[in-house]
Structure formats: structure tokens, C-alpha cells
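Novice: Contents of target32.cif (mmCIF, N, CA and C atoms) are below:
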data_structure
#
loop_
_atom_site.label_atom_id
_atom_site.label_comp_id
_atom_site.auth_asym_id
_atom_site.auth_seq_id
_atom_site.Cartn_x
_atom_site.Cartn_y
_atom_site.Cartn_z
N MET B 1 17.98 13.48 2.06
CA MET B 1 16.78 12.75 1.68
C MET B 1 15.57 13.67 1.83
N PRO B 2 14.81 13.82 0.76
CA PRO B 2 13.60 14.64 0.87
C PRO B 2 12.53 13.96 1.74
N LYS B 3 11.76 14.78 2.45
CA LYS B 3 10.70 14.25 3.31
C LYS B 3 9.56 13.64 2.49
N LYS B 4 9.36 14.20 1.28
CA LYS B 4 8.24 13.76 0.44
C LYS B 4 8.74 13.46 -0.96
N VAL B 5 8.03 12.56 -1.63
CA VAL B 5 8.27 12.30 -3.05
C VAL B 5 6.90 12.27 -3.72
N THR B 6 6.81 12.86 -4.91
CA THR B 6 5.56 12.83 -5.66
C THR B 6 5.76 12.00 -6.91
N ILE B 7 4.83 11.08 -7.14
CA ILE B 7 4.83 10.24 -8.32
C ILE B 7 3.63 10.67 -9.17
N TYR B 8 3.88 11.00 -10.42
CA TYR B 8 2.83 11.48 -11.31
C TYR B 8 2.37 10.36 -12.23
N VAL B 9 1.06 10.12 -12.28
CA VAL B 9 0.47 9.18 -13.23
C VAL B 9 0.18 10.00 -14.47
N THR B 10 0.96 9.77 -15.55
CA THR B 10 0.87 10.64 -16.73
C THR B 10 0.27 9.95 -17.95
N GLY B 11 0.04 8.64 -17.87
CA GLY B 11 -0.52 7.95 -19.02
C GLY B 11 -0.88 6.52 -18.69
N TYR B 12 -1.52 5.85 -19.64
CA TYR B 12 -1.97 4.47 -19.46
C TYR B 12 -2.13 3.85 -20.84
N ASP B 13 -2.27 2.52 -20.86
CA ASP B 13 -2.66 1.87 -22.10
C ASP B 13 -3.71 0.81 -21.80
N THR B 14 -4.24 0.19 -22.83
CA THR B 14 -5.37 -0.74 -22.67
C THR B 14 -4.98 -2.05 -22.00
N THR B 15 -3.67 -2.32 -21.83
CA THR B 15 -3.25 -3.54 -21.13
C THR B 15 -3.27 -3.35 -19.62
N GLY B 16 -3.48 -2.10 -19.16
CA GLY B 16 -3.47 -1.81 -17.72
C GLY B 16 -2.21 -1.12 -17.27
N HIS B 17 -1.20 -1.04 -18.15
CA HIS B 17 0.08 -0.39 -17.81
C HIS B 17 -0.12 1.10 -17.57
N LEU B 18 0.50 1.62 -16.50
CA LEU B 18 0.47 3.05 -16.22
C LEU B 18 1.86 3.63 -16.45
N THR B 19 1.91 4.87 -16.90
CA THR B 19 3.17 5.60 -17.01
C THR B 19 3.32 6.42 -15.74
N LEU B 20 4.35 6.13 -14.96
CA LEU B 20 4.62 6.82 -13.71
C LEU B 20 5.92 7.61 -13.86
N LYS B 21 5.88 8.89 -13.48
CA LYS B 21 7.05 9.77 -13.61
C LYS B 21 7.33 10.45 -12.28
N ASP B 22 8.61 10.80 -12.06
CA ASP B 22 8.96 11.58 -10.88
C ASP B 22 8.97 13.07 -11.26
N ALA B 23 9.34 13.93 -10.34
CA ALA B 23 9.31 15.38 -10.58
C ALA B 23 10.29 15.81 -11.68
N SER B 24 11.30 14.99 -11.97
CA SER B 24 12.27 15.29 -13.03
C SER B 24 11.87 14.66 -14.36
N ASP B 25 10.65 14.11 -14.42
CA ASP B 25 10.12 13.48 -15.64
C ASP B 25 10.84 12.18 -15.99
N HIS B 26 11.47 11.53 -15.01
CA HIS B 26 12.08 10.22 -15.21
C HIS B 26 11.08 9.14 -14.80
N SER B 27 11.27 7.94 -15.33
CA SER B 27 10.39 6.83 -14.96
C SER B 27 10.40 6.61 -13.46
N ALA B 28 9.21 6.36 -12.90
CA ALA B 28 9.09 6.11 -11.46
C ALA B 28 8.62 4.67 -11.21
N ASP B 29 9.02 3.76 -12.08
CA ASP B 29 8.73 2.35 -11.89
C ASP B 29 10.00 1.54 -12.16
N PRO B 30 10.76 1.22 -11.10
CA PRO B 30 10.49 1.56 -9.70
C PRO B 30 11.01 2.97 -9.39
N PHE B 31 10.61 3.48 -8.22
CA PHE B 31 11.17 4.74 -7.75
C PHE B 31 11.89 4.49 -6.44
N ALA B 32 12.89 5.33 -6.16
CA ALA B 32 13.67 5.20 -4.93
C ALA B 32 12.97 5.94 -3.80
N ALA B 33 12.97 5.32 -2.63
CA ALA B 33 12.36 5.93 -1.45
C ALA B 33 13.19 5.56 -0.23
N TYR B 34 12.88 6.23 0.87
CA TYR B 34 13.61 6.02 2.13
C TYR B 34 12.63 5.72 3.25
N PRO B 35 13.08 5.02 4.30
CA PRO B 35 12.20 4.76 5.44
C PRO B 35 11.58 6.05 5.97
N GLY B 36 10.30 6.00 6.28
CA GLY B 36 9.59 7.13 6.85
C GLY B 36 9.15 8.19 5.85
N GLN B 37 9.51 8.01 4.59
CA GLN B 37 9.19 9.04 3.59
C GLN B 37 7.70 9.04 3.24
N LYS B 38 7.18 10.25 2.98
CA LYS B 38 5.80 10.41 2.53
C LYS B 38 5.78 10.35 1.01
N ILE B 39 4.84 9.58 0.47
CA ILE B 39 4.72 9.42 -0.98
C ILE B 39 3.34 9.91 -1.41
N ARG B 40 3.32 10.68 -2.47
CA ARG B 40 2.06 11.16 -3.03
C ARG B 40 1.99 10.72 -4.49
N TRP B 41 0.87 10.12 -4.85
CA TRP B 41 0.60 9.76 -6.24
C TRP B 41 -0.40 10.78 -6.76
N LYS B 42 -0.09 11.39 -7.89
CA LYS B 42 -0.95 12.44 -8.42
C LYS B 42 -1.24 12.17 -9.89
N ILE B 43 -2.53 12.17 -10.24
CA ILE B 43 -2.92 12.01 -11.63
C ILE B 43 -2.65 13.33 -12.33
N SER B 44 -1.90 13.27 -13.42
CA SER B 44 -1.46 14.49 -14.09
C SER B 44 -1.67 14.37 -15.59
N GLY B 45 -2.55 15.17 -16.13
CA GLY B 45 -2.74 15.20 -17.58
C GLY B 45 -3.55 14.05 -18.14
N VAL B 46 -4.18 13.26 -17.29
CA VAL B 46 -5.02 12.15 -17.74
C VAL B 46 -6.45 12.48 -17.32
N ARG B 47 -7.35 12.54 -18.29
CA ARG B 47 -8.74 12.91 -17.99
C ARG B 47 -9.62 11.68 -17.77
N HIS B 48 -10.64 11.86 -16.94
CA HIS B 48 -11.64 10.81 -16.70
C HIS B 48 -10.97 9.51 -16.24
N PHE B 49 -10.01 9.65 -15.36
CA PHE B 49 -9.20 8.54 -14.87
C PHE B 49 -9.32 8.53 -13.36
N VAL B 50 -9.57 7.36 -12.76
CA VAL B 50 -9.78 7.26 -11.32
C VAL B 50 -8.91 6.16 -10.73
N ILE B 51 -8.21 6.46 -9.64
CA ILE B 51 -7.52 5.41 -8.87
C ILE B 51 -8.51 4.93 -7.81
N ASP B 52 -8.81 3.64 -7.82
CA ASP B 52 -9.71 3.05 -6.83
C ASP B 52 -8.98 2.64 -5.56
N ASN B 53 -7.73 2.19 -5.70
CA ASN B 53 -7.01 1.73 -4.52
C ASN B 53 -5.52 1.60 -4.84
N ILE B 54 -4.70 1.74 -3.81
CA ILE B 54 -3.27 1.44 -3.88
C ILE B 54 -2.98 0.54 -2.69
N VAL B 55 -2.47 -0.67 -2.94
CA VAL B 55 -2.31 -1.65 -1.87
C VAL B 55 -0.91 -2.27 -1.91
N ASP B 56 -0.49 -2.79 -0.75
CA ASP B 56 0.73 -3.58 -0.66
C ASP B 56 0.51 -4.88 -1.42
N LYS B 57 1.30 -5.15 -2.44
CA LYS B 57 1.15 -6.38 -3.20
C LYS B 57 2.05 -7.50 -2.65
N SER B 58 3.27 -7.14 -2.26
CA SER B 58 4.24 -8.15 -1.80
C SER B 58 3.90 -8.70 -0.43
N ALA B 59 3.13 -7.95 0.36
CA ALA B 59 2.87 -8.34 1.76
C ALA B 59 1.92 -9.53 1.85
N LYS B 60 2.30 -10.49 2.67
CA LYS B 60 1.42 -11.63 2.94
C LYS B 60 0.90 -11.57 4.38
N ALA B 61 1.49 -10.68 5.18
CA ALA B 61 1.08 -10.47 6.57
C ALA B 61 1.36 -9.02 6.92
N PRO B 62 0.69 -8.46 7.93
CA PRO B 62 0.91 -7.05 8.28
C PRO B 62 2.37 -6.69 8.53
N ALA B 63 3.15 -7.61 9.08
CA ALA B 63 4.57 -7.32 9.36
C ALA B 63 5.36 -7.10 8.08
N GLU B 64 4.85 -7.57 6.94
CA GLU B 64 5.55 -7.42 5.66
C GLU B 64 5.11 -6.19 4.88
N GLU B 65 4.16 -5.43 5.41
CA GLU B 65 3.70 -4.24 4.72
C GLU B 65 4.73 -3.13 4.88
N VAL B 66 4.93 -2.32 3.83
CA VAL B 66 5.91 -1.24 3.92
C VAL B 66 5.28 0.09 4.31
N PHE B 67 3.96 0.19 4.21
CA PHE B 67 3.31 1.46 4.52
C PHE B 67 2.85 1.50 5.98
N ALA B 68 3.26 2.53 6.70
CA ALA B 68 2.81 2.74 8.06
C ALA B 68 1.44 3.42 8.05
N ASN B 69 1.21 4.21 7.02
CA ASN B 69 -0.01 5.01 6.93
C ASN B 69 -0.43 5.04 5.46
N GLY B 70 -1.64 4.56 5.20
CA GLY B 70 -2.17 4.60 3.83
C GLY B 70 -1.64 3.46 3.00
N PRO B 71 -1.60 3.64 1.71
CA PRO B 71 -2.03 4.80 0.93
C PRO B 71 -3.55 4.98 0.94
N LYS B 72 -3.95 6.24 0.89
CA LYS B 72 -5.38 6.56 0.87
C LYS B 72 -5.58 7.85 0.07
N PRO B 73 -6.82 8.07 -0.38
CA PRO B 73 -7.07 9.29 -1.15
C PRO B 73 -6.88 10.54 -0.29
N VAL B 74 -6.40 11.60 -0.92
CA VAL B 74 -6.29 12.89 -0.25
C VAL B 74 -7.67 13.53 -0.27
N LYS B 75 -8.18 13.93 0.90
CA LYS B 75 -9.51 14.53 0.98
C LYS B 75 -9.59 15.76 0.07
N PHE B 76 -10.70 15.85 -0.63
CA PHE B 76 -11.00 16.98 -1.51
C PHE B 76 -10.13 17.02 -2.77
N PHE B 77 -9.18 16.12 -2.88
CA PHE B 77 -8.34 16.06 -4.07
C PHE B 77 -8.39 14.63 -4.61
N SER B 78 -9.47 14.29 -5.29
CA SER B 78 -9.68 12.91 -5.71
C SER B 78 -8.63 12.44 -6.71
N ARG B 79 -7.82 13.34 -7.23
CA ARG B 79 -6.79 12.96 -8.19
C ARG B 79 -5.45 12.68 -7.51
N SER B 80 -5.43 12.67 -6.16
CA SER B 80 -4.19 12.40 -5.42
C SER B 80 -4.41 11.35 -4.35
N TRP B 81 -3.36 10.56 -4.11
CA TRP B 81 -3.32 9.59 -3.02
C TRP B 81 -2.04 9.84 -2.24
N ARG B 82 -2.04 9.47 -0.95
CA ARG B 82 -0.88 9.71 -0.10
C ARG B 82 -0.66 8.52 0.82
N GLY B 83 0.61 8.19 1.05
CA GLY B 83 0.98 7.14 1.98
C GLY B 83 2.32 7.46 2.62
N THR B 84 2.62 6.84 3.76
CA THR B 84 3.90 7.04 4.45
C THR B 84 4.54 5.69 4.67
N LEU B 85 5.80 5.56 4.28
CA LEU B 85 6.53 4.32 4.51
C LEU B 85 6.86 4.15 5.99
N LYS B 86 6.97 2.91 6.42
CA LYS B 86 7.41 2.63 7.79
C LYS B 86 8.82 3.16 7.99
N ASP B 87 9.18 3.42 9.25
CA ASP B 87 10.55 3.82 9.54
C ASP B 87 11.46 2.60 9.50
N SER B 88 12.74 2.80 9.70
CA SER B 88 13.72 1.72 9.59
C SER B 88 13.39 0.54 10.50
N THR B 89 12.97 0.83 11.72
CA THR B 89 12.62 -0.23 12.68
C THR B 89 11.44 -1.04 12.16
N GLY B 90 10.43 -0.37 11.64
CA GLY B 90 9.25 -1.05 11.13
C GLY B 90 9.52 -1.90 9.91
N LEU B 91 10.57 -1.56 9.17
CA LEU B 91 10.90 -2.31 7.95
C LEU B 91 11.81 -3.50 8.20
N GLN B 92 12.31 -3.67 9.43
CA GLN B 92 13.31 -4.71 9.72
C GLN B 92 12.82 -6.12 9.44
N GLY B 93 11.51 -6.38 9.61
CA GLY B 93 11.01 -7.74 9.43
C GLY B 93 10.78 -8.13 7.99
N ILE B 94 11.01 -7.21 7.06
CA ILE B 94 10.73 -7.49 5.65
C ILE B 94 11.96 -8.09 5.00
N ALA B 95 11.77 -9.18 4.29
CA ALA B 95 12.88 -9.87 3.63
C ALA B 95 13.50 -8.95 2.58
N LEU B 96 14.81 -8.87 2.59
CA LEU B 96 15.51 -8.06 1.60
C LEU B 96 15.54 -8.81 0.29
N SER B 97 15.26 -8.10 -0.79
CA SER B 97 15.30 -8.75 -2.09
C SER B 97 16.50 -8.25 -2.88
N ASP B 98 17.49 -7.76 -2.14
CA ASP B 98 18.69 -7.20 -2.75
C ASP B 98 19.88 -7.81 -2.03
N SER B 99 20.81 -8.40 -2.78
CA SER B 99 21.92 -9.13 -2.16
C SER B 99 22.86 -8.22 -1.38
N SER B 100 22.89 -6.92 -1.68
CA SER B 100 23.78 -6.01 -0.95
C SER B 100 23.28 -5.74 0.46
N GLY B 101 21.99 -5.99 0.71
CA GLY B 101 21.42 -5.72 2.02
C GLY B 101 21.06 -4.26 2.23
N HIS B 102 21.12 -3.46 1.16
CA HIS B 102 20.85 -2.03 1.28
C HIS B 102 19.48 -1.61 0.79
N PHE B 103 18.77 -2.50 0.11
CA PHE B 103 17.49 -2.14 -0.50
C PHE B 103 16.42 -3.20 -0.25
N ILE B 104 15.18 -2.75 -0.21
CA ILE B 104 14.03 -3.65 -0.31
C ILE B 104 13.37 -3.30 -1.64
N ASN B 105 13.30 -4.28 -2.54
CA ASN B 105 12.59 -4.08 -3.80
C ASN B 105 11.17 -4.58 -3.58
N TYR B 106 10.21 -3.68 -3.66
CA TYR B 106 8.87 -3.97 -3.20
C TYR B 106 7.84 -3.66 -4.29
N LYS B 107 6.90 -4.55 -4.48
CA LYS B 107 5.82 -4.35 -5.44
C LYS B 107 4.58 -3.87 -4.71
N TYR B 108 3.89 -2.92 -5.33
CA TYR B 108 2.59 -2.51 -4.83
C TYR B 108 1.62 -2.53 -6.00
N LYS B 109 0.35 -2.37 -5.74
CA LYS B 109 -0.66 -2.50 -6.78
C LYS B 109 -1.52 -1.24 -6.82
N ILE B 110 -1.68 -0.71 -8.04
CA ILE B 110 -2.61 0.39 -8.26
C ILE B 110 -3.82 -0.17 -9.00
N ILE B 111 -4.99 -0.04 -8.40
CA ILE B 111 -6.24 -0.47 -9.04
C ILE B 111 -6.90 0.79 -9.58
N TRP B 112 -7.16 0.81 -10.90
CA TRP B 112 -7.63 2.04 -11.52
C TRP B 112 -8.73 1.77 -12.54
N ARG B 113 -9.48 2.84 -12.85
CA ARG B 113 -10.61 2.75 -13.78
C ARG B 113 -10.48 3.78 -14.89
N LYS B 114 -10.67 3.31 -16.08
CA LYS B 114 -10.81 4.16 -17.27
C LYS B 114 -11.37 3.22 -18.33
N GLY B 115 -12.69 3.26 -18.54
CA GLY B 115 -13.31 2.33 -19.48
C GLY B 115 -13.21 0.89 -19.02
N GLY B 116 -13.27 0.68 -17.72
CA GLY B 116 -13.15 -0.67 -17.14
C GLY B 116 -12.15 -0.65 -15.99
N LEU B 117 -12.11 -1.74 -15.24
CA LEU B 117 -11.23 -1.86 -14.08
C LEU B 117 -9.90 -2.50 -14.50
N HIS B 118 -8.79 -1.92 -14.05
CA HIS B 118 -7.45 -2.41 -14.40
C HIS B 118 -6.59 -2.44 -13.15
N THR B 119 -5.51 -3.23 -13.21
CA THR B 119 -4.51 -3.20 -12.14
C THR B 119 -3.13 -3.06 -12.76
N PHE B 120 -2.24 -2.43 -12.01
CA PHE B 120 -0.85 -2.26 -12.43
C PHE B 120 0.02 -2.46 -11.21
N ASP B 121 1.15 -3.15 -11.37
CA ASP B 121 2.02 -3.53 -10.26
C ASP B 121 3.41 -2.89 -10.38
N PRO B 122 3.54 -1.62 -10.03
CA PRO B 122 4.86 -0.98 -10.07
C PRO B 122 5.69 -1.31 -8.83
N GLY B 123 6.92 -0.82 -8.79
CA GLY B 123 7.81 -1.12 -7.67
C GLY B 123 8.31 0.11 -6.95
N ILE B 124 8.72 -0.14 -5.71
CA ILE B 124 9.42 0.86 -4.89
C ILE B 124 10.75 0.24 -4.50
N ARG B 125 11.82 1.00 -4.59
CA ARG B 125 13.13 0.53 -4.15
C ARG B 125 13.48 1.33 -2.91
N ILE B 126 13.29 0.70 -1.74
CA ILE B 126 13.48 1.39 -0.46
C ILE B 126 14.94 1.24 -0.02
N ARG B 127 15.61 2.36 0.10
CA ARG B 127 17.02 2.37 0.50
C ARG B 127 17.10 2.34 2.02
N LEU B 128 17.79 1.33 2.56
CA LEU B 128 17.86 1.15 4.01
C LEU B 128 19.10 1.81 4.62
N GLN B 129 20.17 1.96 3.85
CA GLN B 129 21.40 2.52 4.41
C GLN B 129 22.00 3.56 3.50
#
Now, as a test, write the supplied structure out as C-alpha cells.
Specialist:
Amino acid sequence: MPKKVTIYVTGYDTTGHLTLKDASDHSADPFAAYPGQKIRWKISGVRHFVIDNIVDKSAKAPAEEVFANGPKPVKFFSRSWRGTLKDSTGLQGIALSDSSGHFINYKYKIIWRKGGLHTFDPGIRIRLQ
């Protein structure tokens, strides 16, 4: 399991949809992640585009949040955001949305600006075992 994963924001449309890709140029909605992994979102090839916030969408209480740290903007690199998933212990209180018991399918929200304010709700598939 890699310590870090980078998700590239490579495009958008007027409905608010974002194109998210991984390092192999495959779709990153959803993307696979592991407990404790660091995630970086990087704007790539899109001009005059700003991410205002990345937030836990599925969480209704702090115990249901999957991020231990962030997501927040990377200092001096306004085109990047970084967050760290909770470790396995921290994720135990989150309801599994996968019948096998091996994954948490989780929605998060990217709030972004390009000719107006938009939101997009991609997913993370967190592998527990």
C-alpha cells in the first residue's frame, strides 16, 4: 500500500462535475484508499480554477468523519490540497456501506469556483482489510 495517493483535477463542466484522475490516468471517482493514507488533490491543466473547500459529506458527527487531518490547502501551492485518512481504529465507528465488510464507500464534497460557485460529490472506497 502506498503511503500517499494523488488525485488530479483535470477538467470540469458547467453542471459542477469534475474530472478526477489517478496517476495512471484512470478515473478517481471513486478512488481506492487505505486507513492512514495521505491524499493530495492537485489541479492539473485547468486554468483559473480554485478549490474553496474539501469536506466530509457523509459525516453527520465527528466520529463519522474519515479524515484525521484536513483536507486543507497546501501552503504556497494554492493548486493543491492535502488530507490524511484516519487509521483503522479511528475508522471503526463508521458504518460500512459494503456487505463484504471490507470497504467503506464514502462521499466527500469539493467546493470549487470557475465562473461561479459549484459543488461536486465524489467518492472514496476505503479498504479495511
Novice: Name every residue that the PyMOL selection byres ((chain B and resi 122) around 7) selects in this structure, writing the answer as a list in words with chains first and numbers rising.
Specialist: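 What the PyMOL selection byres ((chain B and resi 122) around 7) grabs from the file is Ala28, Asp29, Pro30, Phe31, Tyr106, Lys107, Tyr108, Lys109, Ile110, Phe120, Asp121, Gly123 and Ile124 of chain B.
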Novice: Considering only C-alpha atoms, return as an NGL selection string whatever protein or nucleic-acid residues lie within 9 Å of B:Gly83, sequence-local ones (same chain, fewer than 2 positions apart) excluded.
Specialist: :B and (37-41 or 67-73 or 81 or 85)
Novice: Atom CA of B:Val74 and atom CA of B:Asn53, how far apart in Å?
Specialist: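 Straight-line distance from atom CA of B:Asn53 to atom CA of B:Val74 works out to 12.0 Å.
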Novice: Please write as a PDB file with N, CA and C atoms, keeping the file's coordinate frame the full residue list that the PyMOL selection byres ((chain B and resi 87) around 8) yields on this file.
Specialist:
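selection.pdb was written with the following content:
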ATOM      1  N   TYR B  34      12.880   6.230   0.870  1.00  0.00           N
ATOM      2  CA  TYR B  34      13.610   6.020   2.130  1.00  0.00           C
ATOM      3  C   TYR B  34      12.630   5.720   3.250  1.00  0.00           C
ATOM      4  N   PRO B  35      13.080   5.020   4.300  1.00  0.00           N
ATOM      5  CA  PRO B  35      12.200   4.760   5.440  1.00  0.00           C
ATOM      6  C   PRO B  35      11.580   6.050   5.970  1.00  0.00           C
ATOM      7  N   GLY B  36      10.300   6.000   6.280  1.00  0.00           N
ATOM      8  CA  GLY B  36       9.590   7.130   6.850  1.00  0.00           C
ATOM      9  C   GLY B  36       9.150   8.190   5.850  1.00  0.00           C
ATOM     10  N   GLN B  37       9.510   8.010   4.590  1.00  0.00           N
ATOM     11  CA  GLN B  37       9.190   9.040   3.590  1.00  0.00           C
ATOM     12  C   GLN B  37       7.700   9.040   3.240  1.00  0.00           C
ATOM     13  N   VAL B  66       4.930  -2.320   3.830  1.00  0.00           N
ATOM     14  CA  VAL B  66       5.910  -1.240   3.920  1.00  0.00           C
ATOM     15  C   VAL B  66       5.280   0.090   4.310  1.00  0.00           C
ATOM     16  N   PHE B  67       3.960   0.190   4.210  1.00  0.00           N
ATOM     17  CA  PHE B  67       3.310   1.460   4.520  1.00  0.00           C
ATOM     18  C   PHE B  67       2.850   1.500   5.980  1.00  0.00           C
ATOM     19  N   ALA B  68       3.260   2.530   6.700  1.00  0.00           N
ATOM     20  CA  ALA B  68       2.810   2.740   8.060  1.00  0.00           C
ATOM     21  C   ALA B  68       1.440   3.420   8.050  1.00  0.00           C
ATOM     22  N   THR B  84       2.620   6.840   3.760  1.00  0.00           N
ATOM     23  CA  THR B  84       3.900   7.040   4.450  1.00  0.00           C
ATOM     24  C   THR B  84       4.540   5.690   4.670  1.00  0.00           C
ATOM     25  N   LEU B  85       5.800   5.560   4.280  1.00  0.00           N
ATOM     26  CA  LEU B  85       6.530   4.320   4.510  1.00  0.00           C
ATOM     27  C   LEU B  85       6.860   4.150   5.990  1.00  0.00           C
ATOM     28  N   LYS B  86       6.970   2.910   6.420  1.00  0.00           N
ATOM     29  CA  LYS B  86       7.410   2.630   7.790  1.00  0.00           C
ATOM     30  C   LYS B  86       8.820   3.160   7.990  1.00  0.00           C
ATOM     31  N   SER B  88      12.740   2.800   9.700  1.00  0.00           N
ATOM     32  CA  SER B  88      13.720   1.720   9.590  1.00  0.00           C
ATOM     33  C   SER B  88      13.390   0.540  10.500  1.00  0.00           C
ATOM     34  N   THR B  89      12.970   0.830  11.720  1.00  0.00           N
ATOM     35  CA  THR B  89      12.620  -0.230  12.680  1.00  0.00           C
ATOM     36  C   THR B  89      11.440  -1.040  12.160  1.00  0.00           C
ATOM     37  N   GLY B  90      10.430  -0.370  11.640  1.00  0.00           N
ATOM     38  CA  GLY B  90       9.250  -1.050  11.130  1.00  0.00           C
ATOM     39  C   GLY B  90       9.520  -1.900   9.910  1.00  0.00           C
ATOM     40  N   LEU B  91      10.570  -1.560   9.170  1.00  0.00           N
ATOM     41  CA  LEU B  91      10.900  -2.310   7.950  1.00  0.00           C
ATOM     42  C   LEU B  91      11.810  -3.500   8.200  1.00  0.00           C
ATOM     43  N   GLN B  92      12.310  -3.670   9.430  1.00  0.00           N
ATOM     44  CA  GLN B  92      13.310  -4.710   9.720  1.00  0.00           C
ATOM     45  C   GLN B  92      12.820  -6.120   9.440  1.00  0.00           C
TER      46      GLN B  92
END
Novice: State, in Å with one decimal place, the distance from atom C of B:Ala63 to atom N of B:Thr10.
Specialist: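 Going from atom C of B:Ala63 over to atom N of B:Thr10 covers 29.4 Å.
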Novice: Rounded to one decimal in Å, what is the spacing between atom CA of B:Arg125 and atom C of B:Ala33?
Specialist: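 Taking atom CA of B:Arg125 as the start and atom C of B:Ala33 as the end point, the length is 6.4 Å.
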Novice: Considering only strand (DSSP E or B) as DSSP defines it on the backbone, what residues of chain B qualify? List them as number ranges by chain.
Specialist: B: 4-12, 18-21, 27, 31-33, 38-43, 50-56, 67-74, 77-85, 103-113, 117-120, 123-127
Novice: Would you mind telling me which residue in B:Lys60, B:Arg82, B:Asp52, B:Phe103 lies nearest to B:Tyr8 when using only C-alpha atoms?
Specialist: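 Smallest separation from B:Tyr8 among the options: B:Arg82.
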